[in-house]
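Trainee: So that you have it, the file is entry.cif, and it contains mmCIF, C-alpha atoms:
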```cif
data_model
#
loop_
_atom_site.label_atom_id
_atom_site.label_comp_id
_atom_site.auth_asym_id
_atom_site.auth_seq_id
_atom_site.Cartn_x
_atom_site.Cartn_y
_atom_site.Cartn_z
CA MET A 1 -49.68 -13.90 -34.39
CA THR A 2 -47.20 -13.26 -31.58
CA PRO A 3 -45.80 -16.32 -29.79
CA SER A 4 -46.88 -16.42 -26.19
CA ALA A 5 -44.33 -16.55 -23.43
CA PRO A 6 -43.79 -20.01 -22.00
CA LYS A 7 -45.72 -20.63 -18.82
CA GLU A 8 -43.68 -21.08 -15.70
CA ALA A 9 -43.87 -24.55 -14.24
CA PRO A 10 -45.40 -24.64 -10.79
CA PRO A 11 -42.85 -25.17 -8.04
CA PRO A 12 -42.54 -28.75 -6.79
CA SER A 13 -44.25 -29.66 -3.57
CA PRO A 14 -41.90 -29.69 -0.56
CA GLU A 15 -42.46 -33.45 -0.22
CA ALA A 16 -41.58 -34.15 -3.87
CA LEU A 17 -38.50 -31.92 -3.67
CA ALA A 18 -37.32 -33.59 -0.45
CA ALA A 19 -37.80 -37.08 -1.93
CA ALA A 20 -36.07 -36.21 -5.22
CA LEU A 21 -33.04 -34.56 -3.60
CA GLY A 22 -32.76 -37.36 -1.05
CA ARG A 23 -32.33 -39.93 -3.80
CA ILE A 24 -29.09 -38.39 -5.00
CA PRO A 25 -26.51 -40.86 -3.66
CA SER A 26 -23.47 -39.53 -1.85
CA GLY A 27 -20.26 -41.05 -0.61
CA VAL A 28 -19.17 -40.79 2.99
CA PHE A 29 -15.76 -39.18 3.58
CA ILE A 30 -13.66 -37.68 6.34
CA LEU A 31 -12.48 -34.24 5.24
CA THR A 32 -9.08 -33.62 6.84
CA ALA A 33 -6.87 -30.57 7.21
CA GLY A 34 -3.73 -29.60 9.02
CA HIS A 35 -1.72 -26.42 9.38
CA GLU A 36 1.23 -25.77 11.67
CA ASP A 37 0.32 -27.45 14.98
CA ARG A 38 -3.44 -27.78 14.28
CA ARG A 39 -5.26 -30.60 12.55
CA THR A 40 -8.87 -31.67 12.39
CA GLY A 41 -11.34 -33.78 10.48
CA LEU A 42 -15.02 -33.73 9.67
CA LEU A 43 -17.52 -36.24 8.28
CA VAL A 44 -18.80 -34.99 4.90
CA ARG A 45 -21.22 -36.49 2.41
CA TRP A 46 -21.26 -34.09 -0.54
CA VAL A 47 -18.16 -35.00 -2.55
CA GLN A 48 -18.02 -35.22 -6.33
CA GLN A 49 -15.41 -35.48 -9.06
CA THR A 50 -15.39 -32.12 -10.82
CA CYS A 51 -12.79 -32.36 -13.62
CA PHE A 52 -10.82 -34.99 -15.52
CA GLU A 53 -7.89 -32.76 -16.52
CA PRO A 54 -6.54 -31.67 -14.20
CA PRO A 55 -8.21 -34.10 -11.81
CA MET A 56 -10.38 -32.13 -9.36
CA VAL A 57 -13.01 -32.85 -6.75
CA SER A 58 -15.58 -30.69 -4.99
CA VAL A 59 -16.82 -30.91 -1.43
CA CYS A 60 -19.47 -28.93 0.43
CA VAL A 61 -18.90 -27.89 4.03
CA ALA A 62 -21.46 -26.32 6.35
CA LYS A 63 -20.71 -22.69 7.07
CA GLY A 64 -18.92 -21.94 10.32
CA ARG A 65 -17.19 -25.30 10.74
CA PRO A 66 -13.79 -25.08 12.53
CA ILE A 67 -12.05 -26.90 9.67
CA MET A 68 -12.56 -24.00 7.26
CA PRO A 69 -9.87 -21.62 8.65
CA ILE A 70 -7.34 -24.48 8.61
CA ILE A 71 -8.12 -25.23 4.95
CA SER A 72 -7.96 -21.52 4.10
CA GLU A 73 -4.56 -21.11 5.78
CA SER A 74 -2.99 -24.33 4.48
CA ARG A 75 -4.61 -24.18 1.01
CA GLN A 76 -5.03 -27.97 1.07
CA PHE A 77 -7.33 -30.72 2.31
CA GLY A 78 -7.64 -34.49 2.34
CA LEU A 79 -10.61 -36.72 1.64
CA CYS A 80 -10.62 -40.17 3.25
CA GLN A 81 -13.43 -42.35 1.92
CA LEU A 82 -15.07 -44.76 4.35
CA GLY A 83 -15.71 -48.39 3.57
CA GLU A 84 -19.28 -49.64 3.72
CA ASP A 85 -18.87 -51.17 7.20
CA ASP A 86 -16.75 -48.44 8.81
CA ARG A 87 -18.89 -47.01 11.56
CA THR A 88 -16.07 -46.13 13.96
CA LEU A 89 -14.66 -43.30 11.85
CA ALA A 90 -18.14 -42.05 10.98
CA ARG A 91 -19.04 -41.71 14.67
CA LYS A 92 -15.68 -40.19 15.63
CA PHE A 93 -15.77 -37.42 13.02
CA GLU A 94 -19.51 -36.72 12.96
CA LYS A 95 -19.11 -33.79 15.36
CA ASP A 96 -16.44 -31.13 15.61
CA PRO A 97 -13.77 -31.98 18.19
CA GLU A 98 -13.60 -29.96 21.38
CA HIS A 99 -11.43 -26.85 21.00
CA GLY A 100 -7.78 -27.91 20.96
CA ASP A 101 -8.47 -31.66 20.86
CA ASP A 102 -6.71 -33.74 18.18
CA PRO A 103 -9.31 -36.11 16.70
CA PHE A 104 -6.60 -38.25 15.08
CA LEU A 105 -5.06 -39.45 18.35
CA GLY A 106 -5.32 -43.22 18.52
CA PHE A 107 -5.74 -43.62 14.74
CA ASP A 108 -3.03 -44.89 12.41
CA LEU A 109 -2.13 -42.20 9.88
CA ALA A 110 -0.72 -42.73 6.40
CA PRO A 111 2.10 -40.62 4.99
CA SER A 112 1.04 -37.67 2.86
CA ALA A 113 2.79 -35.98 -0.06
CA LEU A 114 1.41 -32.64 1.19
CA PRO A 115 2.82 -31.11 4.40
CA ASN A 116 0.92 -31.59 7.67
CA LEU A 117 -2.05 -33.29 5.97
CA PRO A 118 -3.52 -36.07 8.15
CA LEU A 119 -4.70 -39.14 6.22
CA LEU A 120 -6.40 -42.09 7.87
CA ARG A 121 -4.64 -45.34 6.96
CA SER A 122 -7.88 -47.33 7.32
CA ALA A 123 -9.64 -45.23 4.65
CA LEU A 124 -10.81 -47.03 1.53
CA THR A 125 -9.41 -44.21 -0.62
CA ALA A 126 -7.46 -41.06 0.18
CA LEU A 127 -7.27 -37.95 -1.96
CA GLU A 128 -4.71 -35.24 -1.23
CA CYS A 129 -5.93 -31.95 -2.64
CA GLU A 130 -4.59 -28.47 -3.19
CA LEU A 131 -7.33 -25.88 -2.77
CA ALA A 132 -8.19 -24.47 -6.21
CA CYS A 133 -11.39 -22.59 -5.36
CA HIS A 134 -13.49 -21.67 -2.32
CA MET A 135 -16.97 -20.42 -3.14
CA ASP A 136 -19.12 -18.76 -0.53
CA VAL A 137 -22.50 -19.60 -2.05
CA GLU A 138 -25.75 -18.06 -0.87
CA GLY A 139 -26.80 -21.00 1.23
CA ASP A 140 -25.89 -22.95 4.34
CA HIS A 141 -22.77 -24.60 2.83
CA ASP A 142 -19.58 -23.42 1.13
CA LEU A 143 -18.14 -25.16 -1.92
CA LEU A 144 -14.48 -26.18 -2.06
CA VAL A 145 -12.79 -27.39 -5.23
CA GLY A 146 -9.46 -29.16 -4.91
CA ARG A 147 -6.87 -30.25 -7.45
CA VAL A 148 -5.94 -33.86 -6.63
CA ARG A 149 -2.18 -34.00 -6.07
CA ASN A 150 -1.93 -37.57 -4.80
CA ALA A 151 -4.28 -40.51 -4.26
CA SER A 152 -4.38 -44.03 -2.87
CA ALA A 153 -6.99 -46.77 -2.95
CA ARG A 154 -7.46 -50.25 -1.57
CA GLU A 155 -9.96 -53.00 -2.28
CA GLY A 156 -13.43 -52.77 -0.81
CA ALA A 157 -16.88 -51.30 -1.28
CA PRO A 158 -17.46 -47.62 -0.40
CA ARG A 159 -20.03 -46.44 2.07
CA VAL A 160 -22.86 -44.70 0.21
CA ARG A 161 -25.75 -42.75 1.66
CA VAL A 162 -29.21 -42.13 0.23
CA ARG A 163 -31.57 -40.03 2.34
CA GLU A 164 -35.33 -40.14 2.65
CA ASN A 165 -35.45 -36.36 2.94
CA GLY A 166 -33.08 -34.30 0.80
CA LEU A 167 -33.95 -31.12 2.70
CA ALA A 168 -32.74 -32.30 6.12
CA TYR A 169 -29.61 -33.80 7.62
#
```
Go ahead and render the structure in this file as structure tokens.
Mentor:
Amino acid sequence: MTPSAPKEAPPPSPEALAAALGRIPSGVFILTAGHEDRRTGLLVRWVQQTCFEPPMVSVCVAKGRPIMPIISESRQFGLCQLGEDDRTLARKFEKDPEHGDDPFLGFDLAPSALPNLPLLRSALTALECELACHMDVEGDHDLLVGRVRNASAREGAPRVRVRENGLAY
């Protein structure tokens, strides 16, 4: 008797898939980059530790965002984690700045071990990363992997987001 091929599972319903993906918790960070006389930042929610040794993190960025050329040219980025009550930074960096505007004006910046990398002093944690890998995946986001070169942390609870619909912003 020949073993039969396993039956393919039916695809999940769109509602079940949206609910399941939405329950994956994510931190809330400001992705920062600077190169020469340009610097910018962007609110991101898909950040994850990727390796222990060497320490690495991954972050997903929507395709076409103005921060991507700056990261590509500088080969580095920062991740500034927001505290649970920090709504000011979330609002400020939710949208791309107008062309040529510096979104960090008026904010206190912390010193960075990497050149030209803006770090927000009020961040709960800050990770300074050297770009190790940029993957252009077949989807609406690109994946960046960074080797953590320096880090800082202060006391407090991080801002975490869980969505009702994992298929929509």
Trainee: Give the answer as one residue: which of A:Asp108, A:Asp140, A:Asp86, A:Pro6 has the shortest atom-to-atom distance to A:Gly64, using only C-alpha atoms?
Mentor: A:Asp140
Trainee: Any idea what the distance is between atom CA of A:Phe104 and atom CA of A:Gly83?
Mentor: 17.8 Å
Trainee: Separation of atom CA of A:Arg147 and atom CA of A:Lys92, in Å?
Mentor: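 Spanning atom CA of A:Arg147 to atom CA of A:Lys92 is a straight-line distance of 26.6 Å.
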Trainee: Taking the file as shown, find all residues satisfying the PyMOL selection byres ((chain A and resi 155) around 9) and write them as a PyMOL selection string.
Mentor: chain A and resi 124-125+153-154+156-157
Trainee: Here is a test: counting only C-alpha atoms, which residue of A:Val160, A:Pro66, A:Asp96, A:Cys60 is nearest to A:His141?
Mentor: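 Residue with the minimum atom-to-atom distance to A:His141: A:Cys60.
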Trainee: Residues within 9 Å of stretch 27-39 of chain A, please, as a PyMOL selection string. Count all atoms listed in the file; anything in the same chain fewer than 2 positions from it doesn't count.
Mentor: chain A and resi 25+41-48+59+67-68+70-71+73-74+76-84+89-90+93-94+100-104+115-120+123+158-161
Trainee: At most 9 Å from (-7.3, -36.0, -8.6), file frame, all atoms listed in the file: which residues, as a count of residues only?
Mentor: 17
Trainee: For the point (-28.3, -42.7, 0.9) in the file's frame, write as a PyMOL selection string all residues with an atom no more than 8 Å away, counting only C-alpha atoms.
Mentor: chain A and resi 22-26+160-164
Trainee: Work out how far apart atom CA of A:Ser72 and atom CA of A:Val137 are and give it in Å to one decimal.
Mentor: 15.9 Å
Trainee: Report, as AutoDock Vina command-line options, the axis-aligned box around all atoms of stretch 94-113 of chain A present in the file, extended by 5 Å on each side; give centre and edge lengths in Å to one decimal place.
Mentor:
```
--center_x -8.4 --center_y -35.9 --center_z 10.7 --size_x 32.3 --size_y 28.0 --size_z 31.4
```
Trainee: Missing atoms in stretch 101-124 of chain A should be modelled up to N, CA and C atoms and reported as a PDB file, in the frame of the given file.
Mentor:
```pdb
ATOM      1  N   ASP A 101      -8.629 -30.209  20.892  1.00  0.00           N
ATOM      2  CA  ASP A 101      -8.470 -31.660  20.860  1.00  0.00           C
ATOM      3  C   ASP A 101      -8.011 -32.111  19.472  1.00  0.00           C
ATOM      4  N   ASP A 102      -7.175 -33.151  19.439  1.00  0.00           N
ATOM      5  CA  ASP A 102      -6.710 -33.740  18.180  1.00  0.00           C
ATOM      6  C   ASP A 102      -7.541 -34.988  17.918  1.00  0.00           C
ATOM      7  N   PRO A 103      -8.443 -34.964  16.934  1.00  0.00           N
ATOM      8  CA  PRO A 103      -9.310 -36.110  16.700  1.00  0.00           C
ATOM      9  C   PRO A 103      -8.595 -37.317  16.114  1.00  0.00           C
ATOM     10  N   PHE A 104      -7.334 -37.156  15.705  1.00  0.00           N
ATOM     11  CA  PHE A 104      -6.600 -38.250  15.080  1.00  0.00           C
ATOM     12  C   PHE A 104      -5.813 -39.096  16.077  1.00  0.00           C
ATOM     13  N   LEU A 105      -5.775 -38.666  17.341  1.00  0.00           N
ATOM     14  CA  LEU A 105      -5.060 -39.450  18.350  1.00  0.00           C
ATOM     15  C   LEU A 105      -5.683 -40.834  18.458  1.00  0.00           C
ATOM     16  N   GLY A 106      -4.842 -41.841  18.435  1.00  0.00           N
ATOM     17  CA  GLY A 106      -5.320 -43.220  18.520  1.00  0.00           C
ATOM     18  C   GLY A 106      -5.599 -43.854  17.170  1.00  0.00           C
ATOM     19  N   PHE A 107      -5.520 -43.081  16.084  1.00  0.00           N
ATOM     20  CA  PHE A 107      -5.740 -43.620  14.740  1.00  0.00           C
ATOM     21  C   PHE A 107      -4.407 -43.677  13.995  1.00  0.00           C
ATOM     22  N   ASP A 108      -4.232 -44.722  13.208  1.00  0.00           N
ATOM     23  CA  ASP A 108      -3.030 -44.890  12.410  1.00  0.00           C
ATOM     24  C   ASP A 108      -3.128 -43.977  11.187  1.00  0.00           C
ATOM     25  N   LEU A 109      -2.132 -43.122  10.998  1.00  0.00           N
ATOM     26  CA  LEU A 109      -2.130 -42.200   9.880  1.00  0.00           C
ATOM     27  C   LEU A 109      -1.170 -42.670   8.791  1.00  0.00           C
ATOM     28  N   ALA A 110      -1.541 -42.393   7.561  1.00  0.00           N
ATOM     29  CA  ALA A 110      -0.720 -42.730   6.400  1.00  0.00           C
ATOM     30  C   ALA A 110       0.137 -41.523   6.040  1.00  0.00           C
ATOM     31  N   PRO A 111       1.295 -41.761   5.423  1.00  0.00           N
ATOM     32  CA  PRO A 111       2.100 -40.620   4.990  1.00  0.00           C
ATOM     33  C   PRO A 111       1.397 -39.843   3.877  1.00  0.00           C
ATOM     34  N   SER A 112       1.651 -38.538   3.852  1.00  0.00           N
ATOM     35  CA  SER A 112       1.040 -37.670   2.860  1.00  0.00           C
ATOM     36  C   SER A 112       2.133 -36.960   2.061  1.00  0.00           C
ATOM     37  N   ALA A 113       1.865 -36.740   0.783  1.00  0.00           N
ATOM     38  CA  ALA A 113       2.790 -35.980  -0.060  1.00  0.00           C
ATOM     39  C   ALA A 113       2.696 -34.489   0.243  1.00  0.00           C
ATOM     40  N   LEU A 114       1.601 -34.050   0.845  1.00  0.00           N
ATOM     41  CA  LEU A 114       1.410 -32.640   1.190  1.00  0.00           C
ATOM     42  C   LEU A 114       1.757 -32.435   2.662  1.00  0.00           C
ATOM     43  N   PRO A 115       2.381 -31.314   3.015  1.00  0.00           N
ATOM     44  CA  PRO A 115       2.820 -31.110   4.400  1.00  0.00           C
ATOM     45  C   PRO A 115       1.668 -31.002   5.393  1.00  0.00           C
ATOM     46  N   ASN A 116       1.851 -31.665   6.536  1.00  0.00           N
ATOM     47  CA  ASN A 116       0.920 -31.590   7.670  1.00  0.00           C
ATOM     48  C   ASN A 116      -0.492 -32.080   7.374  1.00  0.00           C
ATOM     49  N   LEU A 117      -0.697 -32.840   6.314  1.00  0.00           N
ATOM     50  CA  LEU A 117      -2.050 -33.290   5.970  1.00  0.00           C
ATOM     51  C   LEU A 117      -2.303 -34.669   6.582  1.00  0.00           C
ATOM     52  N   PRO A 118      -3.228 -34.762   7.553  1.00  0.00           N
ATOM     53  CA  PRO A 118      -3.520 -36.070   8.150  1.00  0.00           C
ATOM     54  C   PRO A 118      -4.382 -36.925   7.217  1.00  0.00           C
ATOM     55  N   LEU A 119      -3.952 -38.170   7.029  1.00  0.00           N
ATOM     56  CA  LEU A 119      -4.700 -39.140   6.220  1.00  0.00           C
ATOM     57  C   LEU A 119      -4.881 -40.406   7.035  1.00  0.00           C
ATOM     58  N   LEU A 120      -6.095 -40.897   7.087  1.00  0.00           N
ATOM     59  CA  LEU A 120      -6.400 -42.090   7.870  1.00  0.00           C
ATOM     60  C   LEU A 120      -6.021 -43.344   7.083  1.00  0.00           C
ATOM     61  N   ARG A 121      -5.119 -44.144   7.656  1.00  0.00           N
ATOM     62  CA  ARG A 121      -4.640 -45.340   6.960  1.00  0.00           C
ATOM     63  C   ARG A 121      -5.768 -46.329   6.675  1.00  0.00           C
ATOM     64  N   SER A 122      -6.790 -46.374   7.510  1.00  0.00           N
ATOM     65  CA  SER A 122      -7.880 -47.330   7.320  1.00  0.00           C
ATOM     66  C   SER A 122      -8.884 -46.902   6.252  1.00  0.00           C
ATOM     67  N   ALA A 123      -8.707 -45.713   5.673  1.00  0.00           N
ATOM     68  CA  ALA A 123      -9.640 -45.230   4.650  1.00  0.00           C
ATOM     69  C   ALA A 123      -9.586 -46.108   3.411  1.00  0.00           C
ATOM     70  N   LEU A 124     -10.717 -46.255   2.777  1.00  0.00           N
ATOM     71  CA  LEU A 124     -10.810 -47.030   1.530  1.00  0.00           C
ATOM     72  C   LEU A 124     -10.028 -46.331   0.422  1.00  0.00           C
TER      73      LEU A 124
END
```
